[in-house]
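**Q** What follows is target_18.cif, made up of mmCIF, C-alpha atoms and all ligand atoms:
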```cif
data_final
#
loop_
_atom_site.label_atom_id
_atom_site.label_comp_id
_atom_site.auth_asym_id
_atom_site.auth_seq_id
_atom_site.Cartn_x
_atom_site.Cartn_y
_atom_site.Cartn_z
CA MET A 188 0.00 0.00 0.00
CA VAL A 189 2.77 2.41 0.97
CA GLN A 190 4.72 1.59 -2.13
CA LYS A 191 1.67 2.09 -4.34
CA MET A 192 0.72 5.39 -2.72
CA VAL A 193 4.24 6.83 -2.98
CA ARG A 194 4.66 5.53 -6.53
CA GLU A 195 1.41 7.17 -7.60
CA PHE A 196 2.46 10.47 -6.07
CA ALA A 197 5.89 10.37 -7.69
CA GLN A 198 4.81 9.05 -11.09
CA LYS A 199 1.57 10.98 -11.53
CA GLU A 200 2.29 14.27 -9.80
CA VAL A 201 6.04 14.78 -10.06
CA ALA A 202 7.27 12.86 -13.12
CA PRO A 203 5.37 15.09 -15.60
CA ILE A 204 7.09 18.27 -14.36
CA ILE A 205 10.46 16.99 -13.18
CA LYS A 206 12.43 17.64 -16.37
CA GLU A 207 11.43 21.29 -16.37
CA CYS A 208 12.26 21.68 -12.63
CA ASP A 209 15.65 20.13 -13.31
CA ARG A 210 16.25 22.51 -16.24
CA GLN A 211 15.17 25.52 -14.17
CA GLN A 212 17.16 24.30 -11.13
CA GLN A 213 14.06 24.85 -9.01
CA MET A 214 12.24 22.66 -6.55
CA ALA A 215 8.51 22.55 -7.39
CA GLU A 216 6.59 24.50 -4.73
CA PHE A 217 3.97 21.82 -4.18
CA VAL A 218 6.39 18.97 -3.41
CA LEU A 219 7.04 19.52 0.31
CA PRO A 220 3.44 20.39 1.32
CA ARG A 221 2.11 17.48 -0.72
CA MET A 222 4.58 15.01 0.81
CA GLY A 223 3.46 16.28 4.23
CA GLU A 224 -0.21 15.93 3.33
CA LEU A 225 0.31 12.35 2.17
CA GLY A 226 2.06 11.47 5.45
CA ILE A 227 5.32 10.60 3.71
CA LEU A 228 7.31 13.04 5.87
CA GLY A 229 6.38 11.14 9.04
CA ILE A 230 6.11 7.68 7.54
CA CYS A 231 8.13 5.68 10.10
CA LEU A 232 7.30 7.64 13.25
CA PRO A 233 4.66 6.78 15.84
CA VAL A 234 1.19 8.29 15.51
CA LYS A 235 1.78 9.77 18.99
CA TYR A 236 4.40 12.08 17.41
CA GLY A 237 2.35 12.98 14.35
CA GLY A 238 3.69 10.14 12.19
CA GLN A 239 2.01 7.31 10.28
CA GLY A 240 3.12 4.53 12.65
CA MET A 241 4.73 2.43 9.92
CA ASP A 242 8.02 0.61 10.13
CA TYR A 243 11.51 1.32 8.79
CA ILE A 244 10.98 -0.98 5.80
CA ALA A 245 8.12 1.32 4.73
CA LEU A 246 10.62 4.19 4.80
CA GLY A 247 12.98 2.25 2.52
CA LEU A 248 10.20 1.32 0.09
CA ALA A 249 9.09 4.95 -0.07
CA CYS A 250 12.63 6.12 -0.81
CA GLU A 251 12.99 3.50 -3.56
CA GLU A 252 9.81 4.79 -5.24
CA LEU A 253 10.71 8.45 -4.83
CA GLU A 254 14.19 8.14 -6.32
CA GLY A 255 12.75 6.03 -9.12
CA VAL A 256 11.36 9.37 -10.33
CA ASP A 257 13.94 11.89 -9.11
CA THR A 258 16.71 11.95 -6.53
CA SER A 259 15.55 15.34 -5.21
CA LEU A 260 12.42 13.66 -3.77
CA ARG A 261 14.46 11.07 -1.88
CA VAL A 262 16.87 13.74 -0.61
CA VAL A 263 13.89 15.30 1.20
CA MET A 264 13.42 11.98 3.01
CA SER A 265 17.12 11.68 3.79
CA VAL A 266 17.41 15.03 5.51
CA HIS A 267 13.92 15.64 6.87
CA VAL A 268 13.25 12.09 8.09
CA GLY A 269 16.55 10.16 8.22
CA LEU A 270 19.02 12.76 9.42
CA ASN A 271 16.73 14.93 11.52
CA SER A 272 13.37 13.47 12.66
CA MET A 273 14.73 9.98 13.36
CA ALA A 274 17.56 11.54 15.40
CA LEU A 275 15.00 13.43 17.48
CA PHE A 276 13.06 10.21 17.91
CA GLN A 277 16.26 8.52 19.10
CA TRP A 278 17.91 11.22 21.21
CA ALA A 279 15.45 14.01 22.12
CA THR A 280 13.63 14.40 25.43
CA GLU A 281 9.86 13.84 25.51
CA GLU A 282 9.30 17.61 25.63
CA GLN A 283 11.61 18.18 22.64
CA LYS A 284 9.79 15.44 20.72
CA GLN A 285 6.42 17.08 21.34
CA HIS A 286 7.75 20.49 20.42
CA PHE A 287 9.96 19.73 17.39
CA LEU A 288 9.33 16.20 16.16
CA THR A 289 5.53 16.30 16.00
CA PRO A 290 5.27 19.27 13.57
CA GLN A 291 8.08 17.75 11.49
CA ALA A 292 6.34 14.37 11.23
CA GLN A 293 3.11 16.16 10.28
CA GLY A 294 4.98 18.09 7.58
CA LYS A 295 4.12 21.42 9.21
CA LYS A 296 7.81 22.18 9.76
CA ILE A 297 10.56 21.17 7.34
CA ALA A 298 13.85 19.94 8.75
CA CYS A 299 17.45 19.85 7.56
CA PHE A 300 20.81 18.64 8.86
CA GLY A 301 23.84 20.89 9.27
CA LEU A 302 27.08 18.97 9.62
CA THR A 303 29.32 19.81 6.64
CA GLU A 304 31.29 23.07 6.64
CA PRO A 305 33.23 24.87 3.90
CA GLY A 306 36.49 23.29 5.13
CA VAL A 307 35.20 20.09 6.77
CA GLY A 308 33.32 17.12 5.29
CA SER A 309 34.41 13.55 5.96
CA ASP A 310 36.47 14.49 9.01
CA VAL A 311 33.51 15.40 11.22
CA ALA A 312 35.60 15.73 14.39
CA ALA A 313 37.38 18.71 12.77
CA ILE A 314 34.22 20.87 12.74
CA VAL A 315 35.05 24.51 13.55
CA SER A 316 31.58 25.97 14.22
CA THR A 317 31.22 26.85 17.89
CA ALA A 318 28.45 26.86 20.50
CA ARG A 319 29.40 28.74 23.66
CA ARG A 320 27.27 28.57 26.77
CA LYS A 321 25.93 31.95 28.01
CA GLY A 322 23.56 31.48 30.97
CA ASP A 323 20.46 29.61 29.79
CA ASP A 324 21.46 29.95 26.14
CA TYR A 325 24.18 28.89 23.75
CA VAL A 326 25.65 31.32 21.21
CA LEU A 327 26.26 29.65 17.86
CA ASN A 328 28.76 30.80 15.23
CA GLY A 329 30.01 29.26 11.98
CA GLU A 330 29.01 28.29 8.48
CA LYS A 331 27.43 25.10 7.19
CA MET A 332 27.84 24.23 3.51
CA TRP A 333 26.15 21.82 1.10
CA ILE A 334 23.03 21.66 3.25
CA SER A 335 20.05 20.07 1.53
CA LEU A 336 16.84 22.12 2.02
CA ALA A 337 18.87 24.97 3.62
CA THR A 338 16.51 27.62 2.24
CA LYS A 339 13.33 25.57 2.64
CA ALA A 340 13.71 24.28 6.19
CA HIS A 341 12.35 25.70 9.45
CA HIS A 342 14.51 23.49 11.68
CA CYS A 343 18.15 22.48 11.45
CA LEU A 344 19.85 19.77 13.45
CA TRP A 345 23.18 21.53 13.83
CA VAL A 346 26.48 20.21 15.18
CA GLY A 347 29.18 22.48 16.61
CA ARG A 348 32.01 22.57 19.11
CA THR A 349 31.03 23.26 22.72
CA ASN A 350 34.39 22.48 24.27
CA PRO A 351 37.33 23.47 22.05
CA GLU A 352 39.76 22.49 24.83
CA ALA A 353 38.66 18.83 25.04
CA ALA A 354 41.59 16.43 24.66
CA ASP A 355 39.60 14.24 22.24
CA PRO A 356 37.89 16.34 19.52
CA HIS A 357 35.21 13.62 19.16
CA GLU A 358 34.03 14.51 22.64
CA SER A 359 33.87 18.25 22.14
CA LEU A 360 30.88 18.42 19.76
CA SER A 361 27.24 18.93 20.69
CA ALA A 362 23.99 18.87 18.70
CA PHE A 363 21.24 21.51 18.70
CA LEU A 364 17.84 21.84 17.12
CA VAL A 365 17.92 25.38 15.72
CA GLU A 366 14.86 27.27 14.50
CA LEU A 367 16.09 28.96 11.34
CA ASP A 368 14.05 32.13 11.80
CA CYS A 369 16.33 33.09 14.74
CA PRO A 370 18.17 36.42 14.43
CA GLY A 371 21.71 35.90 13.08
CA VAL A 372 20.84 33.05 10.71
CA THR A 373 21.28 33.60 6.97
CA THR A 374 20.78 31.02 4.24
CA GLY A 375 21.36 30.79 0.50
CA ASP A 376 21.11 28.35 -2.39
CA ILE A 377 24.00 26.79 -4.27
CA HIS A 378 23.51 26.84 -8.05
CA GLY A 379 25.47 25.15 -10.82
CA LYS A 380 25.30 21.65 -9.32
CA LEU A 381 25.97 18.60 -11.48
CA GLY A 382 22.80 16.87 -10.27
CA VAL A 383 19.83 17.03 -7.88
CA ARG A 384 18.97 20.22 -9.72
CA ALA A 385 15.28 19.89 -8.95
CA GLY A 386 16.23 19.87 -5.28
CA SER A 387 17.46 22.53 -2.93
CA THR A 388 21.06 22.57 -1.69
CA GLY A 389 22.53 25.56 0.09
CA TRP A 390 24.48 27.10 2.92
CA ILE A 391 23.56 28.34 6.40
CA ALA A 392 25.61 30.97 8.23
CA PHE A 393 25.26 31.54 11.98
CA GLN A 394 26.43 34.80 13.50
CA ASP A 395 25.94 35.06 17.26
CA VAL A 396 22.73 33.03 17.12
CA ARG A 397 21.24 32.59 20.61
CA VAL A 398 19.64 29.20 21.11
CA PRO A 399 18.05 28.12 24.42
CA ALA A 400 19.94 25.35 26.22
CA ALA A 401 16.63 23.45 26.08
CA ASN A 402 17.26 23.01 22.34
CA ARG A 403 20.41 20.96 22.91
CA ILE A 404 19.81 17.40 21.74
CA GLY A 405 21.55 14.90 24.00
CA GLU A 406 24.26 15.79 26.46
CA GLU A 407 27.13 18.20 25.91
CA GLY A 408 29.89 16.27 24.12
CA GLU A 409 27.49 13.74 22.53
CA GLY A 410 27.37 15.58 19.18
CA PHE A 411 29.74 13.25 17.34
CA LYS A 412 27.83 10.13 18.42
CA ILE A 413 24.53 11.77 17.53
CA ALA A 414 25.85 12.80 14.10
CA MET A 415 27.02 9.24 13.41
CA SER A 416 23.67 7.77 14.43
CA CYS A 417 21.93 10.33 12.17
CA LEU A 418 24.07 8.95 9.35
CA ASP A 419 23.00 5.38 10.14
CA ASN A 420 19.48 6.50 9.25
CA GLY A 421 20.31 8.92 6.44
CA ARG A 422 22.47 6.30 4.73
CA TYR A 423 19.59 3.85 4.84
CA THR A 424 17.43 6.27 2.86
CA VAL A 425 20.29 6.89 0.41
CA ALA A 426 20.77 3.13 -0.08
CA SER A 427 17.08 2.46 -0.67
CA GLY A 428 16.77 5.51 -2.93
CA ALA A 429 19.80 4.47 -5.00
CA THR A 430 18.12 1.07 -5.41
CA GLY A 431 15.19 2.91 -7.00
CA LEU A 432 17.58 4.69 -9.34
CA ILE A 433 19.04 1.35 -10.47
CA ARG A 434 15.51 0.13 -11.16
CA ALA A 435 14.66 3.28 -13.14
CA SER A 436 17.86 2.89 -15.20
CA LEU A 437 17.01 -0.76 -15.85
CA GLU A 438 13.43 -0.04 -16.90
CA ALA A 439 14.46 2.82 -19.19
CA SER A 440 17.17 0.61 -20.73
CA ILE A 441 14.79 -2.30 -21.40
CA ARG A 442 12.25 0.05 -23.02
CA TYR A 443 14.79 1.70 -25.27
CA ALA A 444 16.69 -1.48 -26.17
CA LYS A 445 13.48 -3.04 -27.46
CA GLU A 446 12.59 0.01 -29.57
CA ARG A 447 15.95 0.89 -31.07
CA ARG A 448 17.17 -1.11 -34.03
CA ALA A 449 20.68 -1.52 -35.40
CA PHE A 450 22.18 -4.02 -37.83
CA GLY A 451 18.71 -5.26 -38.72
CA ARG A 452 17.42 -6.13 -35.23
CA GLU A 453 16.49 -4.58 -31.91
CA ILE A 454 19.59 -3.67 -29.89
CA ALA A 455 18.16 -5.73 -26.99
CA ARG A 456 19.21 -8.78 -29.05
CA MET A 457 22.90 -7.78 -28.89
CA GLN A 458 24.79 -9.72 -26.26
CA LEU A 459 26.80 -6.74 -25.04
CA VAL A 460 23.58 -4.79 -24.45
CA GLN A 461 22.15 -7.82 -22.65
CA GLN A 462 25.24 -7.93 -20.45
CA LYS A 463 24.58 -4.38 -19.27
CA ILE A 464 20.91 -5.20 -18.59
CA ALA A 465 21.87 -8.37 -16.69
CA LYS A 466 24.32 -6.41 -14.53
CA MET A 467 21.57 -3.90 -13.66
CA VAL A 468 19.25 -6.75 -12.66
CA GLN A 469 21.97 -8.19 -10.44
CA SER A 470 22.73 -4.80 -8.87
CA TYR A 471 19.07 -4.06 -8.23
CA GLU A 472 18.46 -7.37 -6.46
CA MET A 473 21.62 -7.07 -4.38
CA ALA A 474 21.04 -3.44 -3.42
CA ARG A 475 17.45 -4.24 -2.49
CA LEU A 476 18.39 -7.18 -0.28
CA LEU A 477 21.10 -5.14 1.44
CA TYR A 478 18.79 -2.26 2.33
CA LEU A 479 15.95 -4.58 3.35
CA ARG A 480 18.32 -6.36 5.72
CA ALA A 481 19.30 -3.02 7.27
CA GLY A 482 15.63 -2.03 7.54
CA TRP A 483 14.75 -5.33 9.16
CA MET A 484 17.55 -4.82 11.70
CA LYS A 485 16.23 -1.36 12.50
CA ASN A 486 12.77 -2.84 13.03
CA GLN A 487 14.25 -5.34 15.48
CA GLY A 488 16.19 -2.65 17.34
CA LEU A 489 19.53 -4.16 16.28
CA ARG A 490 22.54 -1.95 15.67
CA ASN A 491 23.06 -1.74 11.90
CA THR A 492 25.93 0.69 11.28
CA ARG A 493 27.95 -1.94 9.37
CA GLU A 494 25.03 -3.27 7.34
CA THR A 495 23.70 0.20 6.49
CA SER A 496 27.15 1.40 5.42
CA LEU A 497 27.52 -1.65 3.17
CA ALA A 498 24.07 -1.10 1.66
CA LYS A 499 24.83 2.58 1.03
CA TRP A 500 28.26 1.97 -0.46
CA PHE A 501 27.05 -0.84 -2.74
CA ALA A 502 23.80 0.80 -3.88
CA THR A 503 25.30 4.19 -4.68
CA ASP A 504 28.28 2.83 -6.63
CA ALA A 505 25.92 0.44 -8.44
CA SER A 506 23.40 3.19 -9.24
CA PHE A 507 26.14 5.36 -10.74
CA GLU A 508 27.26 2.39 -12.83
CA ALA A 509 23.68 1.51 -13.86
CA ALA A 510 22.87 5.09 -14.90
CA ASN A 511 26.13 5.29 -16.85
CA GLU A 512 25.31 2.09 -18.73
CA ALA A 513 21.74 3.27 -19.32
CA VAL A 514 23.15 6.35 -21.06
CA GLN A 515 25.40 4.07 -23.12
CA ILE A 516 22.46 1.90 -24.19
CA HIS A 517 20.61 5.04 -25.30
CA GLY A 518 23.57 6.09 -27.47
CA ALA A 519 23.45 9.74 -28.52
CA TYR A 520 19.87 10.11 -27.26
CA GLY A 521 21.13 9.21 -23.80
CA TYR A 522 23.38 12.23 -24.02
CA SER A 523 20.41 14.60 -24.33
CA ASP A 524 17.71 15.50 -21.84
CA GLU A 525 15.09 14.20 -24.24
CA TYR A 526 15.45 11.00 -22.19
CA ASP A 527 15.64 10.70 -18.39
CA VAL A 528 18.83 8.69 -18.20
CA GLU A 529 21.23 11.65 -18.42
CA ARG A 530 19.47 13.09 -15.33
CA TYR A 531 19.81 9.72 -13.59
CA LEU A 532 23.54 9.76 -14.25
CA ARG A 533 24.00 13.33 -12.98
CA ASN A 534 21.83 12.62 -9.93
CA SER A 535 23.57 9.36 -9.08
CA LYS A 536 26.98 10.95 -8.59
CA GLY A 537 26.04 12.98 -5.50
CA ALA A 538 25.10 9.90 -3.52
CA VAL A 539 28.60 8.47 -4.00
CA ILE A 540 29.84 11.61 -2.20
CA TYR A 541 27.33 12.56 0.50
CA GLU A 542 26.61 10.62 3.71
CA GLY A 543 30.09 9.12 3.62
CA THR A 544 32.02 8.99 0.37
CA SER A 545 32.62 5.54 -1.13
CA GLU A 546 36.17 5.76 0.22
CA ILE A 547 34.91 6.33 3.77
CA HIS A 548 32.56 3.33 3.47
CA GLN A 549 35.46 1.16 2.32
CA LEU A 550 37.40 2.22 5.40
CA ILE A 551 34.40 1.40 7.60
CA GLN A 552 33.97 -2.05 6.04
CA ALA A 553 37.66 -2.86 6.26
CA GLY A 554 37.68 -1.62 9.86
CA TYR A 555 34.94 -4.07 10.86
CA ALA A 556 36.48 -6.95 8.91
CA LEU A 557 39.92 -6.42 10.44
CA GLY A 558 38.59 -5.99 13.97
CA TYR A 559 39.83 -2.36 14.19
CA ARG A 560 36.29 -1.11 14.58
CA ASP A 561 33.38 -2.07 16.81
CA ASP A 562 30.09 -0.48 17.86
CA ALA A 563 29.89 0.67 21.45
CA LEU A 564 26.41 0.72 22.97
CA LEU A 565 24.80 4.17 22.67
CA ARG A 566 23.07 5.94 25.56
CA CYS A 567 20.01 6.17 23.28
CA GLU A 568 19.52 3.54 20.60
CA LEU A 569 17.00 3.93 17.74
CA PRO A 570 13.72 2.49 19.08
CA ALA A 571 12.69 -0.85 17.59
CA TYR A 572 9.45 -0.88 15.61
CA ASP A 573 6.45 -1.70 17.77
CA PRO A 574 3.24 -1.94 15.71
CA THR A 575 0.91 -1.78 18.71
CA VAL A 576 2.49 1.22 20.39
CA TRP A 577 3.37 3.10 17.19
CA SER A 578 -0.09 2.99 15.69
CA SER A 579 -1.95 4.36 18.70
C1 LIG B 1 24.11 17.28 -3.21
C2 LIG B 1 24.73 17.27 -1.85
C3 LIG B 1 23.92 17.37 -0.73
C4 LIG B 1 24.49 17.39 0.55
N1 LIG B 1 23.67 17.55 1.66
C5 LIG B 1 24.22 17.67 2.89
C6 LIG B 1 23.40 17.95 4.03
O1 LIG B 1 22.16 18.05 3.93
N2 LIG B 1 24.00 18.12 5.23
C7 LIG B 1 25.35 18.03 5.38
O2 LIG B 1 25.82 18.22 6.50
N3 LIG B 1 26.16 17.76 4.32
C8 LIG B 1 25.63 17.58 3.08
N4 LIG B 1 26.44 17.33 1.98
C9 LIG B 1 27.88 17.28 2.16
C10 LIG B 1 28.44 15.88 2.12
O3 LIG B 1 28.02 15.14 3.22
C11 LIG B 1 29.97 15.98 2.02
O4 LIG B 1 30.24 16.49 0.73
C12 LIG B 1 30.65 14.64 2.24
O5 LIG B 1 30.58 14.26 3.56
C13 LIG B 1 32.13 14.66 1.81
O6 LIG B 1 32.79 15.74 2.37
P1 LIG B 1 33.63 16.76 1.44
O7 LIG B 1 32.81 17.10 0.25
O8 LIG B 1 34.08 17.86 2.31
O9 LIG B 1 34.85 15.92 0.94
P2 LIG B 1 36.26 15.64 1.76
O10 LIG B 1 35.99 15.09 3.09
O11 LIG B 1 37.08 16.89 1.67
O12 LIG B 1 36.87 14.52 0.82
C14 LIG B 1 37.47 14.84 -0.46
C15 LIG B 1 37.99 13.52 -1.05
O13 LIG B 1 38.96 12.95 -0.16
C16 LIG B 1 38.58 11.63 0.18
N5 LIG B 1 38.93 11.32 1.56
C17 LIG B 1 38.70 12.05 2.68
N6 LIG B 1 39.13 11.41 3.78
C18 LIG B 1 39.66 10.24 3.34
C19 LIG B 1 40.28 9.13 3.99
N7 LIG B 1 40.43 9.09 5.32
N8 LIG B 1 40.71 8.10 3.21
C20 LIG B 1 40.55 8.11 1.86
N9 LIG B 1 39.97 9.13 1.20
C21 LIG B 1 39.54 10.18 1.93
C22 LIG B 1 37.07 11.58 0.02
O14 LIG B 1 36.58 10.26 -0.16
C23 LIG B 1 36.89 12.46 -1.22
O15 LIG B 1 37.12 11.70 -2.37
C24 LIG B 1 25.89 17.29 0.70
C25 LIG B 1 26.71 17.14 -0.44
C26 LIG B 1 26.14 17.13 -1.69
C27 LIG B 1 27.02 16.99 -2.89
#
```
Once more with this new file: its structure as structure tokens, please.
Ligand SMILES: Cc1cc2nc3c(=O)[nH]c(=O)nc-3n(C[C@H](O)[C@H](O)[C@H](O)COP(=O)(O)OP(=O)(O)OC[C@H]3O[C@@H](n4cnc5c(N)ncnc54)[C@H](O)[C@@H]3O)c2cc1C
**A**
Amino acid sequence: MVQKMVREFAQKEVAPIIKECDRQQQMAEFVLPRMGELGILGICLPVKYGGQGMDYIALGLACEELEGVDTSLRVVMSVHVGLNSMALFQWATEEQKQHFLTPQAQGKKIACFGLTEPGVGSDVAAIVSTARRKGDDYVLNGEKMWISLATKAHHCLWVGRTNPEAADPHESLSAFLVELDCPGVTTGDIHGKLGVRAGSTGWIAFQDVRVPAANRIGEEGEGFKIAMSCLDNGRYTVASGATGLIRASLEASIRYAKERRAFGREIARMQLVQQKIAKMVQSYEMARLLYLRAGWMKNQGLRNTRETSLAKWFATDASFEAANEAVQIHGAYGYSDEYDVERYLRNSKGAVIYEGTSEIHQLIQAGYALGYRDDALLRCELPAYDPTVWSS
């Protein structure tokens, strides 16, 4: 049911206008309110917090359908749901959940995630933004860069340094839920991106922004751990979305290969074209199983950092490869925006970079395999799915 509902939204309402949005580098105005209205923005959160009470697999299925039409739709899920709302669900106090999570799950407030800075990406512990305690407030300074939905969001889950003197930089970061209409906050869009042009990516600058201490998520010094657990959820949405992009590349390739003729027969009859199609089938099935395993583990309340990282690394590399081969199958037509596959290729590249580059995921996987890396128990783990409690 979820899959059908999300597919209908994406295919019927967004697909007809997506090419023009991509050309104009504009997000369609109706997308966020409509996703809120349909309940997609709170899909895997309990009804008690304004969500739909569905499980984490439903989130993955939704992302697969959304990215089957355009990556910009899935990016909304990654930042609003995966990186922000699920972190509040995991780490926030009951009062913070009522205040911030409920309007987010209902789609009344849009949320983003501010980790990356102009000089800091993969090396999160090197963040230079600061949050200094002043009485009952913190004063936030610094710039966040490459922030999806920066100019659309009302809330930002922001990570900065509260204790620059800490011996271990991993323990000097803290997380805050910042309302972006606060004085001292400025935002802007980044134009000229390779892909996700129908989405919104921007920057957020903080100059002496006063945020109540009550907006701190978790304890002081827990920011690094919170950021990493946000990524466990964001990466899951990226993995499931990239799976949808593989499927879209496969479907487009099958359609075209059966229409286009060369050397007296349809190109689908050529073995080298078939090889590309077969590889896409293989990638789709593998990517799907990997994300479903991670989703199942989330449902059970099992730690899934390793499995989610593997799913994200595999699915994003495979979606880039699938989109590239889909362009190849389309020949010169694949090189023009008359067909969707050139957009798939441009969109697929971002996911190999954000939420841990492919290189970072290789380090993570090798770290687990070699025994250099292990998961310590978190003070707050992501709650397991409970159908009875979540739906009431
Ligand atoms: C479209 C888009 C949307 C984004 N949305 C958000 C968002 O909403 N919120 C947010 O906070 N960020 C966002 N980002 C930023 C993204 O998360 C970062 O770009 C990503 O983490 C990589 O950081 P970086 O670009 O600074 O690259 P760097 O960390 O500078 O890396 C540059 C290169 O060096 C390699 N490298 C770095 N360290 C190592 C290592 N130890 N070993 C081997 N190779 C290494 C990397 O793999 C990469 O190839 C977005 C980015 C894009 C493109």
**Q** Between A:Ile413, A:Ala197, A:Leu459, A:Ala313, which one has atoms that come closest to Trp278 in chain A, using all atoms listed in the file?
**A**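 Of A:Ile413, A:Ala197, A:Leu459, A:Ala313, the one nearest Trp278 in chain A is A:Ile413, counting all atoms listed in the file.
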**Q** From the options A:Cys299, A:Leu246, A:Val234, A:Val398, which residue's atoms come nearest to ligand LIG 1 (chain B), counting only C-alpha atoms and all ligand atoms?
**A**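 The closest residue to ligand LIG 1 (chain B) is A:Cys299.
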**Q** Set the cut-off to 8 Å, count only C-alpha atoms and all ligand atoms, and list whatever residues fall near ligand LIG 1 (chain B) as a VMD selection string.
**A** chain A and resid 262 266 299 to 310 331 to 337 380 382 to 383 388 537 to 538 540 to 547 550
**Q** Please produce an output containing C-alpha atoms for each residue in the selection, written as a PDB file, in the frame of the given file.
**A**
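Below is the file that was written, again-v1.pdb:
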```
ATOM      1  CA  VAL A 262      16.870  13.740  -0.610  1.00  0.00           C
ATOM      2  CA  VAL A 266      17.410  15.030   5.510  1.00  0.00           C
ATOM      3  CA  CYS A 299      17.450  19.850   7.560  1.00  0.00           C
ATOM      4  CA  PHE A 300      20.810  18.640   8.860  1.00  0.00           C
ATOM      5  CA  GLY A 301      23.840  20.890   9.270  1.00  0.00           C
ATOM      6  CA  LEU A 302      27.080  18.970   9.620  1.00  0.00           C
ATOM      7  CA  THR A 303      29.320  19.810   6.640  1.00  0.00           C
ATOM      8  CA  GLU A 304      31.290  23.070   6.640  1.00  0.00           C
ATOM      9  CA  PRO A 305      33.230  24.870   3.900  1.00  0.00           C
ATOM     10  CA  GLY A 306      36.490  23.290   5.130  1.00  0.00           C
ATOM     11  CA  VAL A 307      35.200  20.090   6.770  1.00  0.00           C
ATOM     12  CA  GLY A 308      33.320  17.120   5.290  1.00  0.00           C
ATOM     13  CA  SER A 309      34.410  13.550   5.960  1.00  0.00           C
ATOM     14  CA  ASP A 310      36.470  14.490   9.010  1.00  0.00           C
ATOM     15  CA  LYS A 331      27.430  25.100   7.190  1.00  0.00           C
ATOM     16  CA  MET A 332      27.840  24.230   3.510  1.00  0.00           C
ATOM     17  CA  TRP A 333      26.150  21.820   1.100  1.00  0.00           C
ATOM     18  CA  ILE A 334      23.030  21.660   3.250  1.00  0.00           C
ATOM     19  CA  SER A 335      20.050  20.070   1.530  1.00  0.00           C
ATOM     20  CA  LEU A 336      16.840  22.120   2.020  1.00  0.00           C
ATOM     21  CA  ALA A 337      18.870  24.970   3.620  1.00  0.00           C
ATOM     22  CA  LYS A 380      25.300  21.650  -9.320  1.00  0.00           C
ATOM     23  CA  GLY A 382      22.800  16.870 -10.270  1.00  0.00           C
ATOM     24  CA  VAL A 383      19.830  17.030  -7.880  1.00  0.00           C
ATOM     25  CA  THR A 388      21.060  22.570  -1.690  1.00  0.00           C
ATOM     26  CA  GLY A 537      26.040  12.980  -5.500  1.00  0.00           C
ATOM     27  CA  ALA A 538      25.100   9.900  -3.520  1.00  0.00           C
ATOM     28  CA  ILE A 540      29.840  11.610  -2.200  1.00  0.00           C
ATOM     29  CA  TYR A 541      27.330  12.560   0.500  1.00  0.00           C
ATOM     30  CA  GLU A 542      26.610  10.620   3.710  1.00  0.00           C
ATOM     31  CA  GLY A 543      30.090   9.120   3.620  1.00  0.00           C
ATOM     32  CA  THR A 544      32.020   8.990   0.370  1.00  0.00           C
ATOM     33  CA  SER A 545      32.620   5.540  -1.130  1.00  0.00           C
ATOM     34  CA  GLU A 546      36.170   5.760   0.220  1.00  0.00           C
ATOM     35  CA  ILE A 547      34.910   6.330   3.770  1.00  0.00           C
ATOM     36  CA  LEU A 550      37.400   2.220   5.400  1.00  0.00           C
TER      37      LEU A 550
END
```
**Q** At a cut-off of 8 Å around the point (26.7, 6.6, -12.6) (file coordinates), what residues fall inside when counting only C-alpha atoms? I'd like the answer as a list in words.
**A** Asp504, Ala505, Ser506, Phe507, Glu508, Ala509, Ala510, Asn511, Glu512, Tyr531, Leu532, Arg533, Ser535 and Lys536 of chain A
**Q** Around the point (14.8, 13.8, -4.2), in the coordinates given by the file, pick out the residues reaching within 12 Å, counting all atoms listed in the file, and return them as a VMD selection string.
**A** chain A and resid 197 201 to 202 205 208 to 209 214 to 215 218 to 219 222 249 to 267 335 to 336 382 to 388 424 to 425 428 to 429 431 to 432 531 534 to 535 537 to 538
**Q** What does the distance from CA of Arg448 in chain A to CA of Ile433 in chain A come to in Å, to one decimal?
**A**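 Computing it gives 23.8 Å between the two atoms.
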**Q** Nearest residue to Lys463 in chain A out of A:Gln212, A:Gln515, A:Gln549, A:Thr575, using all atoms listed in the file?
**A** A:Gln515
**Q** Please, what distance in Å, to one decimal, runs between CA of Ala274 in chain A and CA of Gln291 in chain A?
**A**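 Separation between CA of Ala274 in chain A and CA of Gln291 in chain A: 12.0 Å.
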**Q** What's the separation between CA of Thr280 in chain A and CA of Glu406 in chain A, in Å to one decimal place?
**A** 10.8 Å
**Q** Check the smallest atom-to-atom distance from each of A:Leu225, A:Ala353, A:Cys567, A:Val528 to Ser416 in chain A using only C-alpha atoms, then report the winner.
**A** A:Cys567
**Q** Between A:Leu367, A:Thr338, A:Asn402, A:Met241, which is the closest to Lys284 in chain A once you count all atoms listed in the file?
**A**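 Closest candidate: A:Asn402.
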**Q** Which of these, A:Gly405, A:Leu565, A:Phe287, A:Gln213, has the shortest distance to Asp376 in chain A once you count all atoms listed in the file?
**A**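 Selected residue with least distance to Asp376 in chain A: A:Gln213.
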**Q** Which residues come within 7 Å of Arg348 in chain A, counting all atoms listed in the file, excluding same-chain residues fewer than 2 positions away, as a PyMOL selection string?
**A** chain A and resi 314-318+350-351+359-361
**Q** Skipping near chain neighbours, those fewer than 6 positions away, what residues fall within 8 Å of Glu568 in chain A using all atoms listed in the file, listed as a list in words?
**A**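 Listing them by chain and then by number gives Gln277, Trp278, Gly488 and Arg490 of chain A.
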